[in-house]
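Structure below is start05.cif: mmCIF, C-alpha atoms.
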data_model
#
loop_
_atom_site.label_atom_id
_atom_site.label_comp_id
_atom_site.auth_asym_id
_atom_site.auth_seq_id
_atom_site.Cartn_x
_atom_site.Cartn_y
_atom_site.Cartn_z
CA MET A 5 -101.27 -69.59 -1.81
CA LYS A 6 -100.10 -66.06 -1.42
CA ILE A 7 -96.66 -67.23 -0.50
CA LYS A 8 -96.55 -69.60 -3.45
CA LYS A 9 -97.54 -66.88 -5.88
CA MET A 10 -94.88 -64.61 -4.59
CA PHE A 11 -92.33 -67.35 -4.92
CA SER A 12 -93.50 -68.16 -8.43
CA ALA A 13 -93.33 -64.50 -9.44
CA SER A 14 -89.74 -64.29 -8.35
CA LEU A 15 -88.58 -67.14 -10.58
CA PRO A 16 -88.20 -65.06 -13.77
CA LEU A 17 -86.16 -62.49 -11.84
CA LEU A 18 -83.89 -65.15 -10.40
CA ALA A 19 -83.49 -66.67 -13.82
CA ALA A 20 -82.54 -63.34 -15.30
CA LEU A 21 -80.00 -62.70 -12.54
CA SER A 22 -78.54 -66.15 -13.01
CA LEU A 23 -78.30 -65.60 -16.75
CA GLY A 24 -76.58 -62.24 -16.24
CA LEU A 25 -74.14 -63.74 -13.75
CA ALA A 26 -73.34 -66.54 -16.10
CA SER A 27 -72.80 -64.08 -18.91
CA ALA A 28 -70.52 -61.94 -16.72
CA GLN A 29 -68.50 -64.98 -15.80
CA THR A 30 -68.06 -66.19 -19.35
CA ALA A 31 -67.67 -62.90 -21.35
CA PRO A 32 -64.02 -62.30 -22.33
CA ALA A 33 -62.38 -59.20 -20.72
CA VAL A 34 -61.25 -56.45 -23.11
CA VAL A 35 -57.73 -55.34 -22.07
CA ALA A 36 -55.79 -52.73 -24.05
CA ALA A 37 -52.38 -53.92 -25.15
CA PRO A 38 -49.61 -52.11 -23.25
CA MET A 39 -47.61 -49.54 -25.21
CA SER A 40 -44.07 -50.42 -26.18
CA ALA A 41 -41.23 -48.12 -25.13
CA ALA A 42 -41.08 -46.73 -28.64
CA GLU A 43 -44.80 -46.04 -28.71
CA ALA A 44 -44.68 -44.34 -25.32
CA ALA A 45 -41.75 -42.18 -26.47
CA GLN A 46 -43.58 -41.20 -29.65
CA LYS A 47 -46.67 -40.30 -27.62
CA ALA A 48 -44.55 -38.19 -25.25
CA SER A 49 -42.89 -36.43 -28.17
CA ASP A 50 -46.21 -35.68 -29.87
CA LEU A 51 -47.83 -34.40 -26.68
CA ALA A 52 -44.82 -32.20 -25.87
CA ALA A 53 -44.91 -30.72 -29.38
CA GLN A 54 -48.62 -30.07 -28.95
CA ALA A 55 -47.99 -28.34 -25.62
CA ARG A 56 -45.24 -26.14 -27.04
CA SER A 57 -47.40 -25.05 -29.94
CA THR A 58 -50.68 -24.48 -28.10
CA LEU A 59 -49.72 -23.13 -24.66
CA PRO A 60 -48.01 -19.80 -23.95
CA LYS A 61 -44.58 -20.33 -22.43
CA ALA A 62 -45.63 -18.67 -19.19
CA ASP A 63 -48.19 -21.44 -18.82
CA TRP A 64 -45.79 -24.35 -19.24
CA ASN A 65 -45.99 -26.41 -16.05
CA ILE A 66 -46.25 -30.05 -15.12
CA ASP A 67 -49.88 -29.79 -14.05
CA ARG A 68 -51.12 -28.60 -17.43
CA THR A 69 -52.49 -30.93 -20.07
CA PRO A 70 -50.82 -32.04 -22.32
CA TRP A 71 -47.53 -31.52 -20.45
CA LYS A 72 -48.58 -33.88 -17.66
CA GLN A 73 -49.48 -36.61 -20.15
CA ALA A 74 -46.23 -36.05 -22.06
CA ALA A 75 -44.17 -36.46 -18.90
CA ALA A 76 -46.06 -39.62 -17.92
CA ALA A 77 -45.48 -41.15 -21.35
CA ALA A 78 -41.79 -40.22 -21.25
CA ASP A 79 -41.47 -41.82 -17.81
CA GLN A 80 -43.10 -44.96 -19.22
CA ALA A 81 -40.60 -45.10 -22.09
CA VAL A 82 -37.62 -44.64 -19.74
CA ASN A 83 -38.91 -47.21 -17.27
CA ALA A 84 -39.19 -49.72 -20.11
CA GLU A 85 -35.70 -48.96 -21.44
CA PRO A 86 -33.70 -47.17 -18.70
CA ASN A 87 -30.49 -46.96 -20.73
CA ASN A 88 -31.97 -45.60 -23.93
CA PRO A 89 -30.34 -42.14 -24.33
CA ASP A 90 -33.02 -40.89 -26.72
CA TYR A 91 -35.78 -41.58 -24.20
CA LEU A 92 -33.74 -40.05 -21.36
CA GLN A 93 -33.11 -36.93 -23.41
CA LEU A 94 -36.79 -36.69 -24.34
CA ARG A 95 -37.82 -36.87 -20.69
CA ALA A 96 -35.14 -34.42 -19.61
CA ASN A 97 -36.27 -31.86 -22.18
CA ILE A 98 -39.91 -32.18 -21.09
CA TYR A 99 -39.09 -31.68 -17.41
CA THR A 100 -36.74 -28.80 -18.26
CA ASP A 101 -39.40 -27.05 -20.34
CA VAL A 102 -41.96 -27.19 -17.53
CA GLY A 103 -39.44 -26.17 -14.82
CA PHE A 104 -39.69 -29.43 -12.87
CA TRP A 105 -36.06 -28.99 -11.91
CA LYS A 106 -35.46 -31.99 -9.67
CA GLN A 107 -36.82 -34.45 -12.24
CA ALA A 108 -34.95 -32.62 -14.99
CA GLU A 109 -31.71 -32.87 -13.01
CA ARG A 110 -32.15 -36.61 -12.51
CA SER A 111 -32.86 -37.13 -16.21
CA TRP A 112 -29.93 -35.07 -17.44
CA ASP A 113 -27.56 -36.74 -14.96
CA THR A 114 -28.54 -40.16 -16.25
CA TYR A 115 -28.40 -39.06 -19.87
CA LEU A 116 -24.95 -37.50 -19.48
CA THR A 117 -23.52 -40.69 -18.00
CA LEU A 118 -24.30 -42.22 -21.40
CA LYS A 119 -23.52 -39.15 -23.55
CA PRO A 120 -20.99 -37.09 -21.57
CA ASP A 121 -19.77 -35.16 -24.63
CA ASP A 122 -23.17 -33.83 -25.71
CA ASN A 123 -22.50 -30.12 -25.19
CA ALA A 124 -26.05 -29.05 -26.06
CA ALA A 125 -27.31 -31.33 -23.30
CA ARG A 126 -24.66 -30.01 -20.89
CA ILE A 127 -25.88 -26.47 -21.56
CA LYS A 128 -29.46 -27.44 -20.71
CA ALA A 129 -28.33 -29.40 -17.67
CA ALA A 130 -26.36 -26.34 -16.51
CA SER A 131 -29.46 -24.17 -16.88
CA VAL A 132 -31.33 -26.60 -14.63
CA GLN A 133 -28.61 -26.30 -11.98
CA TYR A 134 -28.68 -22.51 -12.32
CA ASN A 135 -32.43 -22.43 -11.71
CA MET A 136 -32.15 -24.80 -8.76
CA GLY A 137 -29.40 -22.62 -7.31
CA TYR A 138 -31.42 -19.46 -7.73
CA ALA A 139 -34.47 -21.10 -6.14
CA ALA A 140 -32.34 -22.15 -3.16
CA TYR A 141 -30.88 -18.65 -2.88
CA SER A 142 -34.35 -17.09 -3.01
CA ARG A 143 -35.56 -19.19 -0.10
CA GLY A 144 -32.43 -18.36 1.89
CA ASP A 145 -30.75 -21.75 1.55
CA LEU A 146 -27.10 -20.75 1.31
CA VAL A 147 -26.01 -24.36 1.91
CA SER A 148 -27.60 -25.90 -1.17
CA ALA A 149 -27.30 -22.91 -3.49
CA PRO A 150 -23.47 -23.03 -3.81
CA MET A 151 -23.62 -26.74 -4.70
CA PHE A 152 -26.06 -26.09 -7.53
CA PHE A 153 -24.07 -23.16 -8.92
CA ALA A 154 -20.83 -25.14 -8.63
CA LYS A 155 -22.38 -27.99 -10.59
CA CYS A 156 -23.64 -25.48 -13.15
CA ASN A 157 -20.07 -24.25 -13.55
CA GLN A 158 -18.78 -27.82 -13.78
CA LEU A 159 -21.18 -28.53 -16.63
CA GLN A 160 -20.40 -25.24 -18.39
CA PRO A 161 -17.04 -23.80 -17.23
CA SER A 162 -17.45 -20.79 -19.53
CA ASP A 163 -20.88 -19.81 -18.12
CA VAL A 164 -20.03 -16.64 -16.25
CA ALA A 165 -23.52 -16.38 -14.73
CA CYS A 166 -22.93 -19.59 -12.77
CA VAL A 167 -19.59 -18.28 -11.49
CA ILE A 168 -21.00 -14.90 -10.51
CA TRP A 169 -23.89 -16.43 -8.60
CA ASN A 170 -21.59 -18.92 -6.94
CA ALA A 171 -19.46 -15.97 -5.87
CA ARG A 172 -22.50 -14.12 -4.57
CA VAL A 173 -23.70 -16.96 -2.35
CA ALA A 174 -20.14 -17.47 -1.10
CA LEU A 175 -20.01 -13.77 -0.24
CA GLU A 176 -23.31 -13.85 1.61
CA GLY A 177 -22.35 -17.10 3.32
CA GLY A 178 -19.23 -15.52 4.80
CA ASP A 179 -16.74 -17.37 2.56
CA TYR A 180 -14.89 -14.23 1.55
CA ALA A 181 -11.79 -15.99 0.23
CA GLY A 182 -13.94 -18.28 -1.91
CA ALA A 183 -15.98 -15.33 -3.16
CA THR A 184 -12.81 -13.44 -4.06
CA ALA A 185 -11.45 -16.39 -6.04
CA LEU A 186 -14.75 -16.85 -7.87
CA TYR A 187 -15.03 -13.15 -8.77
CA GLN A 188 -11.47 -13.30 -10.07
CA GLN A 189 -12.51 -16.26 -12.22
CA ALA A 190 -15.55 -14.31 -13.43
CA ALA A 191 -13.32 -11.35 -14.31
CA GLN A 192 -11.30 -13.58 -16.62
CA LEU A 193 -14.44 -14.95 -18.25
CA ALA A 194 -16.12 -11.55 -18.66
CA PRO A 195 -13.45 -8.82 -18.68
CA THR A 196 -15.95 -6.15 -19.82
CA ASP A 197 -18.54 -6.84 -17.10
CA LYS A 198 -18.39 -3.81 -14.80
CA THR A 199 -20.22 -5.48 -11.91
CA VAL A 200 -17.55 -8.15 -11.47
CA PRO A 201 -14.65 -5.89 -10.36
CA TYR A 202 -17.15 -3.96 -8.27
CA PHE A 203 -18.12 -7.06 -6.29
CA LEU A 204 -14.56 -8.36 -6.32
CA GLN A 205 -13.61 -5.30 -4.31
CA ILE A 206 -16.56 -5.88 -1.98
CA ALA A 207 -15.44 -9.49 -1.43
CA GLN A 208 -11.86 -8.44 -0.75
CA ASN A 209 -13.04 -5.92 1.87
CA ALA A 210 -15.93 -7.97 3.26
CA GLY A 211 -13.96 -8.98 6.34
CA LYS A 212 -14.13 -5.35 7.48
CA TYR A 213 -17.91 -5.23 7.16
CA GLY A 214 -19.13 -8.59 8.45
CA PRO A 215 -21.77 -11.00 7.10
CA ALA A 216 -24.86 -8.97 8.04
CA ALA A 217 -23.73 -5.87 6.15
CA THR A 218 -22.35 -7.83 3.22
CA THR A 219 -25.54 -9.87 2.82
CA ALA A 220 -27.73 -6.76 2.99
CA PHE A 221 -25.56 -5.08 0.35
CA SER A 222 -25.73 -8.09 -1.98
CA ARG A 223 -29.49 -8.38 -1.54
CA ALA A 224 -29.86 -4.69 -2.31
CA TYR A 225 -28.12 -5.26 -5.61
CA GLU A 226 -30.51 -8.11 -6.37
CA ALA A 227 -33.48 -5.85 -5.54
CA LEU A 228 -32.14 -3.29 -8.01
CA ASP A 229 -31.89 -6.01 -10.65
CA LYS A 230 -35.60 -6.61 -10.15
CA GLY A 231 -36.41 -2.89 -10.30
CA ASN A 232 -37.36 -2.58 -6.62
CA LYS A 233 -35.50 0.61 -5.73
CA ALA A 234 -37.36 1.24 -2.46
CA LYS A 235 -36.39 -2.19 -1.13
CA ALA A 236 -32.82 -1.70 -2.30
CA LEU A 237 -32.56 1.59 -0.42
CA THR A 238 -33.79 -0.08 2.77
CA LEU A 239 -31.22 -2.85 2.36
CA TYR A 240 -28.38 -0.37 1.78
CA GLN A 241 -29.47 1.39 4.96
CA GLN A 242 -29.36 -1.95 6.78
CA ALA A 243 -25.85 -2.52 5.44
CA THR A 244 -24.55 0.79 6.78
CA ALA A 245 -26.37 0.28 10.08
CA ALA A 246 -24.49 -3.01 10.49
CA ALA A 247 -21.19 -1.56 9.24
CA PRO A 248 -20.90 2.26 9.48
CA ASN A 249 -17.48 2.02 7.75
CA PHE A 250 -19.05 0.54 4.58
CA LEU A 251 -18.28 3.43 2.22
CA THR A 252 -19.62 1.79 -0.94
CA ALA A 253 -22.94 1.12 0.76
CA TRP A 254 -23.17 4.78 1.83
CA ARG A 255 -22.46 5.84 -1.75
CA GLU A 256 -25.07 3.52 -3.23
CA GLN A 257 -27.54 4.64 -0.58
CA GLY A 258 -27.00 8.29 -1.44
CA ARG A 259 -27.22 7.74 -5.18
CA LEU A 260 -30.40 5.72 -4.90
CA ALA A 261 -31.98 8.13 -2.44
CA LEU A 262 -31.45 10.93 -4.95
CA GLU A 263 -33.05 8.84 -7.70
CA LEU A 264 -36.06 8.27 -5.45
CA GLY A 265 -36.28 11.93 -4.49
CA ASN A 266 -35.53 11.16 -0.85
CA LEU A 267 -33.44 14.19 0.05
CA PRO A 268 -33.11 13.46 3.82
CA ALA A 269 -31.78 9.95 3.11
CA ALA A 270 -29.37 11.25 0.47
CA THR A 271 -28.10 13.96 2.81
CA ALA A 272 -27.56 11.44 5.62
CA ALA A 273 -25.72 9.07 3.29
CA TYR A 274 -23.29 11.55 1.80
CA THR A 275 -22.74 13.27 5.15
CA ALA A 276 -21.65 9.91 6.57
CA ALA A 277 -19.57 9.05 3.49
CA VAL A 278 -17.35 12.13 3.63
CA THR A 279 -16.37 11.38 7.25
CA LEU A 280 -14.68 8.11 6.26
CA PRO A 281 -10.93 8.07 5.51
CA GLU A 282 -11.43 6.62 2.03
CA ALA A 283 -13.88 9.35 0.98
CA SER A 284 -13.16 10.82 -2.43
CA ALA A 285 -13.65 14.17 -4.09
CA ALA A 286 -16.76 12.69 -5.73
CA ASP A 287 -18.25 12.00 -2.30
CA LYS A 288 -17.67 15.59 -1.27
CA TYR A 289 -19.16 16.77 -4.55
CA ASN A 290 -22.25 14.65 -3.99
CA LEU A 291 -22.65 16.08 -0.51
CA SER A 292 -22.51 19.57 -1.98
CA VAL A 293 -25.19 18.53 -4.47
CA VAL A 294 -27.63 17.42 -1.76
CA GLN A 295 -26.86 20.53 0.24
CA GLU A 296 -27.66 22.60 -2.82
CA ALA A 297 -30.87 20.64 -3.24
CA GLN A 298 -31.96 21.87 0.14
CA GLN A 299 -31.65 25.41 -1.19
CA VAL A 300 -32.79 25.18 -4.82
CA GLY A 301 -34.97 22.07 -4.77
CA LEU A 302 -34.33 18.49 -5.71
CA PRO A 303 -35.73 18.59 -9.31
CA ALA A 304 -33.30 21.35 -10.29
CA THR A 305 -30.46 19.58 -8.54
CA GLN A 306 -31.27 16.32 -10.28
CA ALA A 307 -31.31 18.09 -13.63
CA PHE A 308 -27.92 19.59 -12.79
CA ARG A 309 -26.58 16.16 -11.73
CA ALA A 310 -27.75 14.54 -14.96
CA ALA A 311 -26.21 17.36 -16.97
CA TYR A 312 -22.89 16.99 -15.17
CA THR A 313 -22.88 13.26 -15.92
CA LYS A 314 -23.39 14.02 -19.59
CA TYR A 315 -20.57 16.55 -19.46
CA THR A 316 -18.13 14.04 -17.97
CA SER A 317 -19.09 11.51 -20.66
CA GLY A 318 -18.35 14.03 -23.41
CA ASP A 319 -21.92 14.97 -24.35
CA LYS A 320 -21.50 18.71 -24.11
CA ALA A 321 -24.63 19.60 -26.07
CA GLY A 322 -26.77 17.40 -23.79
CA ALA A 323 -25.01 18.80 -20.75
CA GLU A 324 -25.67 22.41 -21.73
CA ALA A 325 -29.35 21.66 -22.29
CA GLY A 326 -29.47 20.02 -18.86
CA PHE A 327 -27.83 22.97 -17.11
CA VAL A 328 -30.28 25.33 -18.80
CA GLN A 329 -33.13 23.10 -17.64
CA ALA A 330 -31.80 23.34 -14.09
CA THR A 331 -31.90 27.15 -14.29
CA GLN A 332 -35.47 26.98 -15.52
CA LEU A 333 -36.47 24.75 -12.61
CA SER A 334 -34.72 27.06 -10.17
CA PRO A 335 -33.91 30.52 -11.57
CA LYS A 336 -31.74 31.29 -8.52
CA TYR A 337 -29.46 28.29 -9.10
CA ALA A 338 -26.16 30.16 -9.49
CA LYS A 339 -24.05 27.07 -10.10
CA ALA A 340 -26.30 25.91 -12.94
CA TRP A 341 -26.11 29.35 -14.55
CA ALA A 342 -22.31 29.22 -14.30
CA TRP A 343 -22.10 25.83 -16.00
CA ALA A 344 -24.56 26.87 -18.70
CA GLY A 345 -22.35 29.91 -19.31
CA ARG A 346 -19.22 27.78 -19.42
CA LEU A 347 -20.54 25.46 -22.12
CA ALA A 348 -21.94 28.32 -24.18
CA TYR A 349 -18.56 30.04 -23.90
CA GLU A 350 -16.74 26.87 -25.01
CA ARG A 351 -18.78 26.76 -28.23
CA GLN A 352 -18.11 30.51 -28.67
CA ALA A 353 -21.75 31.52 -28.27
CA TYR A 354 -20.60 34.65 -26.45
CA PRO A 355 -23.96 36.49 -26.08
CA VAL A 356 -25.55 33.36 -24.59
CA ALA A 357 -22.52 32.84 -22.35
CA ALA A 358 -22.59 36.48 -21.21
CA SER A 359 -26.27 36.21 -20.29
CA ALA A 360 -25.70 33.02 -18.26
CA TYR A 361 -22.54 34.28 -16.57
CA GLY A 362 -24.32 37.52 -15.79
CA GLN A 363 -27.02 35.62 -13.90
CA ALA A 364 -24.40 33.54 -12.06
CA ALA A 365 -22.38 36.60 -11.02
CA ALA A 366 -25.47 38.48 -9.88
CA LEU A 367 -26.67 35.53 -7.75
CA ASP A 368 -23.24 34.87 -6.25
CA PRO A 369 -21.09 38.00 -5.94
CA ASN A 370 -18.23 35.85 -4.60
CA ASP A 371 -18.05 33.82 -7.82
CA LYS A 372 -14.96 35.48 -9.29
CA THR A 373 -14.69 32.94 -12.09
CA SER A 374 -18.12 33.79 -13.47
CA ALA A 375 -17.34 37.51 -13.19
CA TYR A 376 -14.08 36.99 -15.10
CA TYR A 377 -15.64 34.99 -17.94
CA LEU A 378 -18.57 37.40 -18.05
CA LYS A 379 -16.17 40.15 -19.10
CA LEU A 380 -14.52 37.91 -21.69
CA ALA A 381 -17.88 36.86 -23.12
CA GLN A 382 -19.03 40.46 -23.31
CA GLN A 383 -15.86 41.25 -25.25
CA GLY A 384 -16.44 38.25 -27.52
CA LYS A 385 -13.20 36.53 -26.70
#

Write-out of the structure in structure tokens:
Amino acid sequence: MKIKKMFSASLPLLAALSLGLASAQTAPAVVAAPMSAAEAAQKASDLAAQARSTLPKADWNIDRTPWKQAAAAADQAVNAEPNNPDYLQLRANIYTDVGFWKQAERSWDTYLTLKPDDNAARIKAASVQYNMGYAAYSRGDLVSAPMFFAKCNQLQPSDVACVIWNARVALEGGDYAGATALYQQAAQLAPTDKTVPYFLQIAQNAGKYGPAATTAFSRAYEALDKGNKAKALTLYQQATAAAPNFLTAWREQGRLALELGNLPAATAAYTAAVTLPEASAADKYNLSVVQEAQQVGLPATQAFRAAYTKYTSGDKAGAEAGFVQATQLSPKYAKAWAWAGRLAYERQAYPVAASAYGQAAALDPNDKTSAYYLKLAQQGK
């Protein structure tokens, strides 16, 4: 009886299960209708617009909603109609905005096979190649980087940035003839860009320095572009260690060392520079500046250097103020007193000139020029 009761009690449960199973088997499935290509494209466009308006540009990446959803919808539209240029362009713009360069490249390539004369698209496609080239350069891939920059230049022949970077990777890769030709091309595109002739000369002379020194020099310039002066100085030092005859690297090393207040490094750089056959009067002047800094202090010397730069550029009022500042930083700085006197004399401020020349002559009895102009200033002529 116990068994029978248990069996009887289970009948309602079995009936319920059977009823549920039957219901499950007979209920119609609810399946969402697939989106058309046009609907998917519209969804992608709306989501991309939402992303652009709600997210800061620094936060645009493929993993962020709604960018991820926008890209997926754009992919769906293109997969449905692979030769629709509007859908290809939509997808390319989305991947370009989020910096998904490889997907952006693929999309622009396909789009441009259909619309090769769309210059606005070619500009964006070139920017993708530029970014891919820079990424390759940054990870040390000097095989891929030139291909990306060359394609950038192919898409936008007038884009000097592509040419310059193509030249740079050629230079660092040891293709000095190629780098020279590319810098010459860049010089035609940007005749007022002062860095182009500078690096053109480096490329033309790179065979004397070798790849290690040339690469270190180029990387130092990149570090300066990013504001990392300490790293740049180290790289310039590596360049001259690899090629002691690299005069430009010695000059840059000395200049940067002075900016950083590193007097020993500046002294070493300019001392080495003046021993080379191509050394100029400016190199000898710079050596005298660092030698003076050892006597009067670097702050005063730097003030003097800045003042001299202003003088050579024609800013005599700024130069005079700078020379006076140098004398204030180091009252025994005879050369600064002499230059302060010279500029005061040139503007016919004879009492001021006489005072400055008097200090210069007292500090350096061998300075016959200051003694001569001291007398003229005292006489007011």

Applying 6 Å and all atoms listed in the file, which residues near stretch 336-347 of chain A remain after dropping the ones on its own chain fewer than 2 positions away? List them as a ChimeraX atom specification. /A:324,327-328,331,334,349-350,357,360-361,364,367

Neighbouring residues of stretch 130-133 of chain A were defined as those with any atom within 12 Å, considering all atoms listed in the file; residues of the same chain fewer than 3 positions away were excluded. Please report them as a PyMOL selection string. chain A and resi 96-97+99-113+116+123-127+136-140+148-167+169-170

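Note that the spacing between atom CA of A:Ala310 and atom CA of A:Gly258 amounts to 14.9 Å.
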
Residue nearest A:Ala276 - candidates A:Pro248, A:Pro120, A:Pro369, A:Gly182, atoms counted: only C-alpha atoms: A:Pro248

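Evaluated on this file, the PyMOL selection byres ((chain A and resi 236) around 8) matches A:Arg223, A:Ala224, A:Tyr225, A:Glu226, A:Ala227, A:Leu228, A:Asn232, A:Lys233, A:Ala234, A:Lys235, A:Leu237, A:Thr238, A:Leu239, A:Tyr240.
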
Keeping C-alpha atoms, export the residues of the selection given above as a short mmCIF file (atom, residue, chain, number, x, y, z; two decimals), in the coordinates of the input.
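Output below, filename selection_37.cif:
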data_model
loop_
_atom_site.label_atom_id
_atom_site.label_comp_id
_atom_site.auth_asym_id
_atom_site.auth_seq_id
_atom_site.Cartn_x
_atom_site.Cartn_y
_atom_site.Cartn_z
CA ARG A 223 -29.49 -8.38 -1.54
CA ALA A 224 -29.86 -4.69 -2.31
CA TYR A 225 -28.12 -5.26 -5.61
CA GLU A 226 -30.51 -8.11 -6.37
CA ALA A 227 -33.48 -5.85 -5.54
CA LEU A 228 -32.14 -3.29 -8.01
CA ASN A 232 -37.36 -2.58 -6.62
CA LYS A 233 -35.50 0.61 -5.73
CA ALA A 234 -37.36 1.24 -2.46
CA LYS A 235 -36.39 -2.19 -1.13
CA LEU A 237 -32.56 1.59 -0.42
CA THR A 238 -33.79 -0.08 2.77
CA LEU A 239 -31.22 -2.85 2.36
CA TYR A 240 -28.38 -0.37 1.78
#

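Of the listed residues A:Ala365, A:Ala277, A:Ala270, A:Leu262, the one whose atoms come nearest to A:Asn249 is A:Ala277, with distances taken using all atoms listed in the file.
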
Given the file shown, determine the residues that the PyMOL selection byres ((chain A and resi 56) around 12) selects; report them as a VMD selection string. chain A and resid 49 to 55 57 to 65 68 to 71 74 97 to 98 101 to 102

With C-alpha atoms retained, write the just-selected residues as a JSON list (two decimals), keeping the file's coordinate frame.
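Once written, selection_13.json looks like this:
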[["chain", "number", "residue", "atom", "x", "y", "z"],
["A", 49, "SER", "CA", -42.89, -36.43, -28.17],
["A", 50, "ASP", "CA", -46.21, -35.68, -29.87],
["A", 51, "LEU", "CA", -47.83, -34.40, -26.68],
["A", 52, "ALA", "CA", -44.82, -32.20, -25.87],
["A", 53, "ALA", "CA", -44.91, -30.72, -29.38],
["A", 54, "GLN", "CA", -48.62, -30.07, -28.95],
["A", 55, "ALA", "CA", -47.99, -28.34, -25.62],
["A", 57, "SER", "CA", -47.40, -25.05, -29.94],
["A", 58, "THR", "CA", -50.68, -24.48, -28.10],
["A", 59, "LEU", "CA", -49.72, -23.13, -24.66],
["A", 60, "PRO", "CA", -48.01, -19.80, -23.95],
["A", 61, "LYS", "CA", -44.58, -20.33, -22.43],
["A", 62, "ALA", "CA", -45.63, -18.67, -19.19],
["A", 63, "ASP", "CA", -48.19, -21.44, -18.82],
["A", 64, "TRP", "CA", -45.79, -24.35, -19.24],
["A", 65, "ASN", "CA", -45.99, -26.41, -16.05],
["A", 68, "ARG", "CA", -51.12, -28.60, -17.43],
["A", 69, "THR", "CA", -52.49, -30.93, -20.07],
["A", 70, "PRO", "CA", -50.82, -32.04, -22.32],
["A", 71, "TRP", "CA", -47.53, -31.52, -20.45],
["A", 74, "ALA", "CA", -46.23, -36.05, -22.06],
["A", 97, "ASN", "CA", -36.27, -31.86, -22.18],
["A", 98, "ILE", "CA", -39.91, -32.18, -21.09],
["A", 101, "ASP", "CA", -39.40, -27.05, -20.34],
["A", 102, "VAL", "CA", -41.96, -27.19, -17.53]]

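Atom CA of A:Ala44 lies 5.3 Å from atom CA of A:Ala81.
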
Would you kindly translate the PyMOL selection byres ((chain A and resi 193-209) around 10) into the concrete residues it picks from this file, as a ChimeraX atom specification? /A:161-165,167-168,171-172,174-176,178-192,210-214,218,221-222,250,252-253

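Rounded to one decimal, atom CA of A:Leu291 and atom CA of A:Thr271 lie 6.7 Å from each other.
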
Using only C-alpha atoms, which residue out of A:Trp254, A:Tyr134, A:Tyr91, A:Tyr354 lies closest to A:Lys47? A:Tyr91

Report as lines of an AutoDock Vina configuration file the centre and the edge lengths, in Å to one decimal, of the axis-aligned box holding every listed atom of stretch 113-119 of chain A, padded by 6 Å on each side.
center_x = -26.0
center_y = -39.5
center_z = -19.3
size_x = 17.0
size_y = 17.5
size_z = 20.6

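The residue that comes closest to A:Ala273, out of A:Val82, A:Ala321, A:Leu302, A:Ala243 and on the basis of all atoms listed in the file, is A:Ala243.
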
Using only C-alpha atoms, which of A:Gln306, A:Leu280, A:Tyr141, A:Asn135 sits nearest A:Leu260? A:Gln306
